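Asker: Take a look at entry30.pdb, PDB, C-alpha atoms:
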```pdb
MODEL        1
ATOM      1  CA  MET A   1     -27.043 -20.381 -20.184  1.00  0.00           C
ATOM      2  CA  LEU A   2     -27.936 -23.998 -19.487  1.00  0.00           C
ATOM      3  CA  LEU A   3     -24.331 -24.946 -18.555  1.00  0.00           C
ATOM      4  CA  ALA A   4     -22.553 -27.012 -16.227  1.00  0.00           C
ATOM      5  CA  SER A   5     -20.723 -29.008 -18.305  1.00  0.00           C
ATOM      6  CA  VAL A   6     -19.228 -28.542 -14.391  1.00  0.00           C
ATOM      7  CA  LEU A   7     -22.089 -28.752 -10.251  1.00  0.00           C
ATOM      8  CA  VAL A   8     -25.203 -26.058  -7.906  1.00  0.00           C
ATOM      9  CA  VAL A   9     -27.546 -21.840  -0.202  1.00  0.00           C
ATOM     10  CA  ALA A  10     -30.168 -20.891   1.684  1.00  0.00           C
ATOM     11  CA  ALA A  11     -33.593 -22.224   2.660  1.00  0.00           C
ATOM     12  CA  ALA A  12     -34.729 -23.183  -0.816  1.00  0.00           C
ATOM     13  CA  VAL A  13     -35.440 -26.760  -1.794  1.00  0.00           C
ATOM     14  CA  ALA A  14     -32.670 -26.377  -4.347  1.00  0.00           C
ATOM     15  CA  ALA A  15     -30.172 -25.772  -1.598  1.00  0.00           C
ATOM     16  CA  VAL A  16     -31.259 -28.921   0.236  1.00  0.00           C
ATOM     17  CA  ALA A  17     -30.896 -31.036  -2.887  1.00  0.00           C
ATOM     18  CA  MET A  18     -27.565 -29.458  -3.690  1.00  0.00           C
ATOM     19  CA  THR A  19     -26.196 -30.203  -0.231  1.00  0.00           C
ATOM     20  CA  ARG A  20     -27.359 -33.831  -0.360  1.00  0.00           C
ATOM     21  CA  ALA A  21     -25.683 -34.251  -3.727  1.00  0.00           C
ATOM     22  CA  GLY A  22     -22.447 -32.631  -2.579  1.00  0.00           C
ATOM     23  CA  MET A  23     -23.005 -29.668  -4.904  1.00  0.00           C
ATOM     24  CA  ARG A  24     -21.882 -26.568  -3.066  1.00  0.00           C
ATOM     25  CA  PRO A  25     -19.944 -23.572  -4.359  1.00  0.00           C
ATOM     26  CA  ALA A  26     -16.203 -23.748  -3.911  1.00  0.00           C
ATOM     27  CA  THR A  27     -14.611 -21.092  -1.727  1.00  0.00           C
ATOM     28  CA  ALA A  28     -12.159 -20.467  -4.571  1.00  0.00           C
ATOM     29  CA  THR A  29     -12.161 -21.433  -8.198  1.00  0.00           C
ATOM     30  CA  ALA A  30     -10.466 -24.645  -9.211  1.00  0.00           C
ATOM     31  CA  THR A  31      -7.787 -22.598 -10.946  1.00  0.00           C
ATOM     32  CA  ALA A  32      -6.687 -21.334  -7.529  1.00  0.00           C
ATOM     33  CA  ALA A  33      -6.915 -24.713  -5.802  1.00  0.00           C
ATOM     34  CA  ALA A  34      -3.891 -25.794  -3.821  1.00  0.00           C
ATOM     35  CA  ASP A  35      -1.480 -28.286  -5.369  1.00  0.00           C
ATOM     36  CA  GLY A  36      -2.545 -31.827  -4.625  1.00  0.00           C
ATOM     37  CA  PHE A  37      -6.277 -31.188  -4.970  1.00  0.00           C
ATOM     38  CA  VAL A  38      -8.061 -34.262  -6.308  1.00  0.00           C
ATOM     39  CA  LEU A  39     -11.592 -34.958  -7.434  1.00  0.00           C
ATOM     40  CA  SER A  40     -14.015 -37.039  -5.409  1.00  0.00           C
ATOM     41  CA  GLU A  41     -13.956 -40.766  -6.049  1.00  0.00           C
ATOM     42  CA  ARG A  42     -17.357 -41.296  -4.402  1.00  0.00           C
ATOM     43  CA  CYS A  43     -20.701 -41.200  -6.157  1.00  0.00           C
ATOM     44  CA  PRO A  44     -23.107 -38.505  -4.891  1.00  0.00           C
ATOM     45  CA  PRO A  45     -26.118 -39.466  -2.742  1.00  0.00           C
ATOM     46  CA  SER A  46     -28.918 -41.216  -4.673  1.00  0.00           C
ATOM     47  CA  PHE A  47     -26.324 -42.676  -7.063  1.00  0.00           C
ATOM     48  CA  GLU A  48     -24.930 -46.191  -6.978  1.00  0.00           C
ATOM     49  CA  ARG A  49     -21.365 -47.004  -7.916  1.00  0.00           C
ATOM     50  CA  MET A  50     -21.318 -49.765 -10.497  1.00  0.00           C
ATOM     51  CA  ALA A  51     -18.714 -52.480 -11.092  1.00  0.00           C
ATOM     52  CA  ASP A  52     -17.099 -50.413 -13.852  1.00  0.00           C
ATOM     53  CA  GLY A  53     -16.654 -47.453 -11.490  1.00  0.00           C
ATOM     54  CA  THR A  54     -19.441 -45.299 -12.924  1.00  0.00           C
ATOM     55  CA  CYS A  55     -22.387 -43.806 -11.037  1.00  0.00           C
ATOM     56  CA  GLU A  56     -26.024 -44.547 -11.867  1.00  0.00           C
ATOM     57  CA  LEU A  57     -29.097 -42.737 -10.560  1.00  0.00           C
ATOM     58  CA  ARG A  58     -31.294 -44.733  -8.175  1.00  0.00           C
ATOM     59  CA  ASP A  59     -34.807 -43.600  -7.298  1.00  0.00           C
ATOM     60  CA  LEU A  60     -37.976 -45.029  -5.811  1.00  0.00           C
ATOM     61  CA  TYR A  61     -39.594 -45.362  -9.233  1.00  0.00           C
ATOM     62  CA  GLN A  62     -37.276 -48.307  -9.779  1.00  0.00           C
ATOM     63  CA  PHE A  63     -38.564 -50.126  -6.694  1.00  0.00           C
ATOM     64  CA  TYR A  64     -42.330 -49.894  -7.138  1.00  0.00           C
ATOM     65  CA  ASP A  65     -44.267 -53.111  -7.627  1.00  0.00           C
ATOM     66  CA  SER A  66     -45.296 -53.409 -11.243  1.00  0.00           C
ATOM     67  CA  LEU A  67     -47.711 -55.503 -13.217  1.00  0.00           C
ATOM     68  CA  GLN A  68     -46.109 -57.734 -15.841  1.00  0.00           C
ATOM     69  CA  ASP A  69     -42.648 -56.348 -15.054  1.00  0.00           C
ATOM     70  CA  ARG A  70     -43.336 -53.177 -16.991  1.00  0.00           C
ATOM     71  CA  GLY A  71     -41.127 -51.133 -14.706  1.00  0.00           C
ATOM     72  CA  VAL A  72     -43.939 -48.793 -13.686  1.00  0.00           C
ATOM     73  CA  GLY A  73     -45.889 -48.302 -10.495  1.00  0.00           C
ATOM     74  CA  GLY A  74     -47.252 -45.647  -8.200  1.00  0.00           C
ATOM     75  CA  THR A  75     -47.844 -43.008 -10.854  1.00  0.00           C
ATOM     76  CA  ARG A  76     -48.151 -45.816 -13.451  1.00  0.00           C
ATOM     77  CA  THR A  77     -45.408 -44.356 -15.557  1.00  0.00           C
ATOM     78  CA  SER A  78     -41.685 -44.843 -15.844  1.00  0.00           C
ATOM     79  CA  LEU A  79     -39.016 -42.171 -15.940  1.00  0.00           C
ATOM     80  CA  PRO A  80     -37.857 -40.870 -19.309  1.00  0.00           C
ATOM     81  CA  GLN A  81     -34.593 -42.151 -20.670  1.00  0.00           C
ATOM     82  CA  HIS A  82     -31.638 -40.181 -19.363  1.00  0.00           C
ATOM     83  CA  ARG A  83     -27.880 -40.150 -19.661  1.00  0.00           C
ATOM     84  CA  ASP A  84     -26.157 -41.965 -16.883  1.00  0.00           C
ATOM     85  CA  GLY A  85     -22.966 -43.810 -16.097  1.00  0.00           C
ATOM     86  CA  PHE A  86     -20.498 -40.977 -15.468  1.00  0.00           C
ATOM     87  CA  ARG A  87     -17.482 -41.499 -13.268  1.00  0.00           C
ATOM     88  CA  PRO A  88     -17.541 -39.693  -9.875  1.00  0.00           C
ATOM     89  CA  GLU A  89     -14.468 -37.691 -10.880  1.00  0.00           C
ATOM     90  CA  GLN A  90     -16.287 -36.431 -13.975  1.00  0.00           C
ATOM     91  CA  ILE A  91     -19.262 -35.378 -11.853  1.00  0.00           C
ATOM     92  CA  ASP A  92     -17.016 -33.477  -9.441  1.00  0.00           C
ATOM     93  CA  LEU A  93     -15.139 -31.801 -12.293  1.00  0.00           C
ATOM     94  CA  GLY A  94     -18.471 -30.627 -13.689  1.00  0.00           C
ATOM     95  CA  ARG A  95     -19.283 -29.081 -10.322  1.00  0.00           C
ATOM     96  CA  TYR A  96     -16.137 -26.953 -10.411  1.00  0.00           C
ATOM     97  CA  LEU A  97     -16.673 -25.909 -14.003  1.00  0.00           C
ATOM     98  CA  PHE A  98     -20.248 -24.907 -13.164  1.00  0.00           C
ATOM     99  CA  PHE A  99     -19.099 -22.318 -10.628  1.00  0.00           C
ATOM    100  CA  ASP A 100     -15.926 -21.097 -12.351  1.00  0.00           C
ATOM    101  CA  PRO A 101     -16.068 -17.751 -14.234  1.00  0.00           C
ATOM    102  CA  LEU A 102     -12.919 -18.778 -16.097  1.00  0.00           C
ATOM    103  CA  LEU A 103     -15.264 -20.260 -18.713  1.00  0.00           C
ATOM    104  CA  SER A 104     -16.442 -16.794 -19.758  1.00  0.00           C
ATOM    105  CA  GLY A 105     -14.649 -14.404 -22.082  1.00  0.00           C
ATOM    106  CA  ASP A 106     -13.669 -11.890 -19.425  1.00  0.00           C
ATOM    107  CA  GLY A 107     -13.701 -14.066 -16.305  1.00  0.00           C
ATOM    108  CA  THR A 108     -16.868 -12.551 -14.837  1.00  0.00           C
ATOM    109  CA  GLN A 109     -19.640 -15.048 -15.708  1.00  0.00           C
ATOM    110  CA  SER A 110     -20.053 -18.630 -14.583  1.00  0.00           C
ATOM    111  CA  CYS A 111     -22.880 -21.059 -15.312  1.00  0.00           C
ATOM    112  CA  ALA A 112     -24.106 -20.389 -11.784  1.00  0.00           C
ATOM    113  CA  SER A 113     -24.453 -16.671 -12.570  1.00  0.00           C
ATOM    114  CA  CYS A 114     -27.728 -17.443 -14.350  1.00  0.00           C
ATOM    115  CA  HIS A 115     -28.476 -20.890 -12.904  1.00  0.00           C
ATOM    116  CA  ARG A 116     -28.412 -20.033  -9.227  1.00  0.00           C
ATOM    117  CA  PRO A 117     -28.920 -22.936  -6.806  1.00  0.00           C
ATOM    118  CA  ASP A 118     -30.816 -20.673  -4.398  1.00  0.00           C
ATOM    119  CA  ARG A 119     -33.300 -19.773  -7.158  1.00  0.00           C
ATOM    120  CA  GLY A 120     -34.085 -23.220  -8.447  1.00  0.00           C
ATOM    121  CA  PHE A 121     -31.120 -23.197 -10.831  1.00  0.00           C
ATOM    122  CA  ALA A 122     -32.594 -20.201 -12.673  1.00  0.00           C
ATOM    123  CA  ASP A 123     -32.177 -16.500 -11.885  1.00  0.00           C
ATOM    124  CA  GLY A 124     -35.720 -15.206 -11.456  1.00  0.00           C
ATOM    125  CA  LYS A 125     -35.270 -12.523 -14.108  1.00  0.00           C
ATOM    126  CA  PRO A 126     -37.533 -11.897 -17.116  1.00  0.00           C
ATOM    127  CA  ARG A 127     -34.354 -11.952 -19.195  1.00  0.00           C
ATOM    128  CA  SER A 128     -30.974 -13.091 -17.986  1.00  0.00           C
ATOM    129  CA  ILE A 129     -28.009 -10.742 -17.796  1.00  0.00           C
ATOM    130  CA  GLY A 130     -24.883 -11.883 -19.602  1.00  0.00           C
ATOM    131  CA  ILE A 131     -21.328 -10.685 -20.019  1.00  0.00           C
ATOM    132  CA  ARG A 132     -20.722  -6.939 -19.529  1.00  0.00           C
ATOM    133  CA  GLY A 133     -24.317  -6.520 -18.326  1.00  0.00           C
ATOM    134  CA  GLN A 134     -25.861  -7.376 -21.687  1.00  0.00           C
ATOM    135  CA  ASP A 135     -29.438  -8.556 -22.074  1.00  0.00           C
ATOM    136  CA  ALA A 136     -29.094 -12.253 -22.926  1.00  0.00           C
ATOM    137  CA  GLY A 137     -32.369 -12.147 -24.846  1.00  0.00           C
ATOM    138  CA  ARG A 138     -34.140 -14.922 -22.962  1.00  0.00           C
ATOM    139  CA  ALA A 139     -34.685 -16.118 -19.432  1.00  0.00           C
ATOM    140  CA  ALA A 140     -32.430 -18.824 -18.046  1.00  0.00           C
ATOM    141  CA  PRO A 141     -34.557 -21.969 -17.608  1.00  0.00           C
ATOM    142  CA  THR A 142     -34.311 -24.089 -14.495  1.00  0.00           C
ATOM    143  CA  LEU A 143     -31.952 -27.034 -14.501  1.00  0.00           C
ATOM    144  CA  TRP A 144     -34.299 -29.206 -12.454  1.00  0.00           C
ATOM    145  CA  ASN A 145     -34.862 -32.536 -14.242  1.00  0.00           C
ATOM    146  CA  VAL A 146     -32.873 -31.386 -17.267  1.00  0.00           C
ATOM    147  CA  ALA A 147     -31.342 -34.879 -17.403  1.00  0.00           C
ATOM    148  CA  PHE A 148     -34.687 -36.161 -18.708  1.00  0.00           C
ATOM    149  CA  LEU A 149     -35.042 -33.657 -21.559  1.00  0.00           C
ATOM    150  CA  GLN A 150     -34.674 -34.707 -25.178  1.00  0.00           C
ATOM    151  CA  SER A 151     -34.291 -31.211 -26.662  1.00  0.00           C
ATOM    152  CA  PHE A 152     -32.726 -28.003 -25.393  1.00  0.00           C
ATOM    153  CA  PHE A 153     -33.096 -24.201 -25.631  1.00  0.00           C
ATOM    154  CA  TRP A 154     -36.498 -22.549 -25.634  1.00  0.00           C
ATOM    155  CA  ASP A 155     -36.875 -23.320 -29.333  1.00  0.00           C
ATOM    156  CA  ALA A 156     -35.691 -26.943 -28.914  1.00  0.00           C
ATOM    157  CA  ARG A 157     -33.076 -26.500 -31.623  1.00  0.00           C
ATOM    158  CA  VAL A 158     -30.521 -29.040 -30.358  1.00  0.00           C
ATOM    159  CA  SER A 159     -30.871 -32.581 -29.059  1.00  0.00           C
ATOM    160  CA  SER A 160     -27.735 -33.069 -26.962  1.00  0.00           C
ATOM    161  CA  LEU A 161     -26.245 -31.336 -23.955  1.00  0.00           C
ATOM    162  CA  GLU A 162     -22.844 -31.176 -25.655  1.00  0.00           C
ATOM    163  CA  ALA A 163     -24.376 -29.138 -28.481  1.00  0.00           C
ATOM    164  CA  GLN A 164     -26.364 -27.048 -26.025  1.00  0.00           C
ATOM    165  CA  ALA A 165     -23.299 -26.185 -23.928  1.00  0.00           C
ATOM    166  CA  GLN A 166     -21.652 -24.396 -26.820  1.00  0.00           C
ATOM    167  CA  GLY A 167     -24.541 -21.935 -27.200  1.00  0.00           C
ATOM    168  CA  PRO A 168     -24.105 -19.888 -24.000  1.00  0.00           C
ATOM    169  CA  LEU A 169     -20.345 -20.416 -23.883  1.00  0.00           C
ATOM    170  CA  PHE A 170     -19.778 -18.712 -27.214  1.00  0.00           C
ATOM    171  CA  SER A 171     -22.730 -16.329 -27.357  1.00  0.00           C
ATOM    172  CA  PRO A 172     -21.446 -12.721 -27.313  1.00  0.00           C
ATOM    173  CA  ARG A 173     -24.424 -11.780 -25.108  1.00  0.00           C
ATOM    174  CA  GLU A 174     -24.075 -14.600 -22.587  1.00  0.00           C
ATOM    175  CA  MET A 175     -20.640 -15.883 -21.600  1.00  0.00           C
ATOM    176  CA  GLY A 176     -18.825 -14.263 -24.519  1.00  0.00           C
ATOM    177  CA  ASN A 177     -16.033 -16.766 -24.957  1.00  0.00           C
ATOM    178  CA  GLU A 178     -14.409 -18.277 -28.044  1.00  0.00           C
ATOM    179  CA  PRO A 179     -13.346 -21.934 -28.501  1.00  0.00           C
ATOM    180  CA  ALA A 180      -9.639 -21.196 -28.840  1.00  0.00           C
ATOM    181  CA  ARG A 181      -9.584 -18.831 -25.852  1.00  0.00           C
ATOM    182  CA  LEU A 182     -11.568 -21.259 -23.684  1.00  0.00           C
ATOM    183  CA  LEU A 183      -9.068 -24.058 -24.323  1.00  0.00           C
ATOM    184  CA  ARG A 184      -6.129 -21.689 -23.924  1.00  0.00           C
ATOM    185  CA  ASN A 185      -7.339 -20.509 -20.516  1.00  0.00           C
ATOM    186  CA  LEU A 186      -8.108 -24.006 -19.249  1.00  0.00           C
ATOM    187  CA  ASN A 187      -4.824 -25.434 -20.497  1.00  0.00           C
ATOM    188  CA  ALA A 188      -2.943 -22.562 -18.870  1.00  0.00           C
ATOM    189  CA  SER A 189      -4.061 -23.931 -15.497  1.00  0.00           C
ATOM    190  CA  SER A 190      -1.897 -26.792 -14.251  1.00  0.00           C
ATOM    191  CA  THR A 191      -4.660 -27.606 -11.772  1.00  0.00           C
ATOM    192  CA  TYR A 192      -7.295 -28.020 -14.473  1.00  0.00           C
ATOM    193  CA  ARG A 193      -4.951 -30.082 -16.612  1.00  0.00           C
ATOM    194  CA  ARG A 194      -4.465 -32.418 -13.665  1.00  0.00           C
ATOM    195  CA  LEU A 195      -8.183 -32.560 -12.894  1.00  0.00           C
ATOM    196  CA  PHE A 196      -9.072 -33.352 -16.488  1.00  0.00           C
ATOM    197  CA  ARG A 197      -6.462 -36.127 -16.544  1.00  0.00           C
ATOM    198  CA  GLN A 198      -8.034 -37.574 -13.411  1.00  0.00           C
ATOM    199  CA  ALA A 199     -11.559 -37.329 -14.848  1.00  0.00           C
ATOM    200  CA  PHE A 200     -10.539 -38.591 -18.300  1.00  0.00           C
ATOM    201  CA  PRO A 201      -7.657 -41.049 -17.788  1.00  0.00           C
ATOM    202  CA  GLY A 202      -5.780 -41.812 -20.960  1.00  0.00           C
ATOM    203  CA  GLY A 203      -6.917 -38.595 -22.583  1.00  0.00           C
ATOM    204  CA  GLY A 204      -3.509 -36.956 -22.811  1.00  0.00           C
ATOM    205  CA  ASP A 205      -2.111 -33.863 -21.116  1.00  0.00           C
ATOM    206  CA  ALA A 206      -3.905 -31.195 -23.164  1.00  0.00           C
ATOM    207  CA  ILE A 207      -7.573 -30.455 -22.427  1.00  0.00           C
ATOM    208  CA  THR A 208      -9.750 -30.839 -25.522  1.00  0.00           C
ATOM    209  CA  ALA A 209     -13.029 -29.189 -26.475  1.00  0.00           C
ATOM    210  CA  ALA A 210     -14.824 -32.555 -26.436  1.00  0.00           C
ATOM    211  CA  GLN A 211     -13.700 -33.116 -22.844  1.00  0.00           C
ATOM    212  CA  VAL A 212     -14.911 -29.674 -21.774  1.00  0.00           C
ATOM    213  CA  TYR A 213     -18.375 -30.197 -23.260  1.00  0.00           C
ATOM    214  CA  LEU A 214     -18.653 -33.708 -21.838  1.00  0.00           C
ATOM    215  CA  ALA A 215     -17.407 -32.635 -18.404  1.00  0.00           C
ATOM    216  CA  GLN A 216     -20.365 -30.275 -18.065  1.00  0.00           C
ATOM    217  CA  GLN A 217     -22.915 -33.065 -18.541  1.00  0.00           C
ATOM    218  CA  PRO A 218     -22.458 -35.312 -15.459  1.00  0.00           C
ATOM    219  CA  LEU A 219     -23.790 -32.532 -13.231  1.00  0.00           C
ATOM    220  CA  ARG A 220     -27.213 -32.709 -14.884  1.00  0.00           C
ATOM    221  CA  PRO A 221     -28.505 -35.944 -13.298  1.00  0.00           C
ATOM    222  CA  LEU A 222     -27.810 -34.405  -9.880  1.00  0.00           C
ATOM    223  CA  CYS A 223     -30.583 -31.909 -10.628  1.00  0.00           C
ATOM    224  CA  ALA A 224     -33.249 -34.613 -10.726  1.00  0.00           C
ATOM    225  CA  ARG A 225     -36.043 -33.795  -8.272  1.00  0.00           C
ATOM    226  CA  LEU A 226     -36.898 -37.365  -7.369  1.00  0.00           C
ATOM    227  CA  ARG A 227     -37.183 -39.260  -4.151  1.00  0.00           C
ATOM    228  CA  GLY A 228     -34.073 -41.376  -4.017  1.00  0.00           C
ATOM    229  CA  ARG A 229     -33.266 -44.107  -1.546  1.00  0.00           C
ATOM    230  CA  VAL A 230     -31.424 -41.663   0.703  1.00  0.00           C
ATOM    231  CA  GLU A 231     -34.475 -39.419   1.183  1.00  0.00           C
TER     232      GLU A 231
ENDMDL
END
```
Let me see the file written as structure tokens.
Answerer:
Amino acid sequence: MLLASVLVVAAAVAAVAMTRAGMRPATATATAAADGFVLSERCPPSFERMADGTCELRDLYQFYDSLQDRGVGGTRTSLPQHRDGFRPEQIDLGRYLFFDPLLSGDGTQSCASCHRPDRGFADGKPRSIGIRGQDAGRAAPTLWNVAFLQSFFWDARVSSLEAQAQGPLFSPREMGNEPARLLRNLNASSTYRRLFRQAFPGGGDAITAAQVYLAQQPLRPLCARLRGRVE
């Protein structure tokens, strides 16, 4: 259940990072948000807003002195390549999707059900519990530093977060949804239609599957356990 797309508390280090990044559970799901709710237009802490309006991760690795301009220092290694450059509205939309059980087949499971911020974005169970109390078959991995991964699932069977997101969404033992029902439920919400239009301007009124999968990805860089300039 390595979801966001959407972003994620007590005394744990995870809670501290989540608060600094603006990732805290909503008091109500986005589907119940009051009319006029808009997504944040500010990049989270440790991210810099670029000229094109996107947010890019900034960390101390980028400011170490380096021999021959190799971009390394301190630990003598550079960070792995990672996806970056999401708009702040897309990041905030991912946060709401992450905590909303509307994404599951019966409205009981959210991404945060198995990726709990207070447990390091995992759940501490030998095997995660999915929809209707079913054994999901495997333990939910942590989301820390997932932005730097090149393959996903325990067996590394997919190489993109968009492909990964579809696994738990449509697994009958995890979130138990179906593509048509997921889009039907999201499009039935006037609030979500408005939020998706704000996050994906020019994308039309109807929410598409590609938008849903992409919207869950911007949350991932926020789970980077690095020392940014704000720390």
Asker: Go through stretch 171-197 of chain A residue by residue and, counting all atoms listed in the file, keep those with an atom at most 10 Å from stretch 124-135 of chain A; for each kept residue give the shortest atom pair and its distance in Å to one decimal, ordered by chain and increasing number, as a Markdown table.
Answerer:
```
| residue | atom | partner | partner_atom | distance |
| --- | --- | --- | --- | --- |
| A:Ser171 | CA | A:Gly130 | CA | 9.2 |
| A:Pro172 | CA | A:Ile131 | CA | 7.6 |
| A:Arg173 | CA | A:Gly130 | CA | 5.5 |
| A:Glu174 | CA | A:Gly130 | CA | 4.1 |
| A:Met175 | CA | A:Ile131 | CA | 5.5 |
| A:Gly176 | CA | A:Ile131 | CA | 6.3 |
| A:Asn177 | CA | A:Ile131 | CA | 9.5 |
```
Asker: Exactly which residues make up the result of the PyMOL selection byres ((chain A and resi 152) around 12) on this file, given as a PyMOL selection string?
Answerer: chain A and resi 1-3+140-143+146-151+153-168
Asker: Would you compute the distance between atom CA of A:Phe196 and atom CA of A:Leu93? Give it in Å to one decimal.
Answerer: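 Going from atom CA of A:Phe196 over to atom CA of A:Leu93, I get 7.5 Å.
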Asker: Around (-18.6, -16.4, -14.9) in the file's own coordinates, what residues are found within 9 Å if you use all atoms listed in the file, given back as a count of residues only?
Answerer: 18
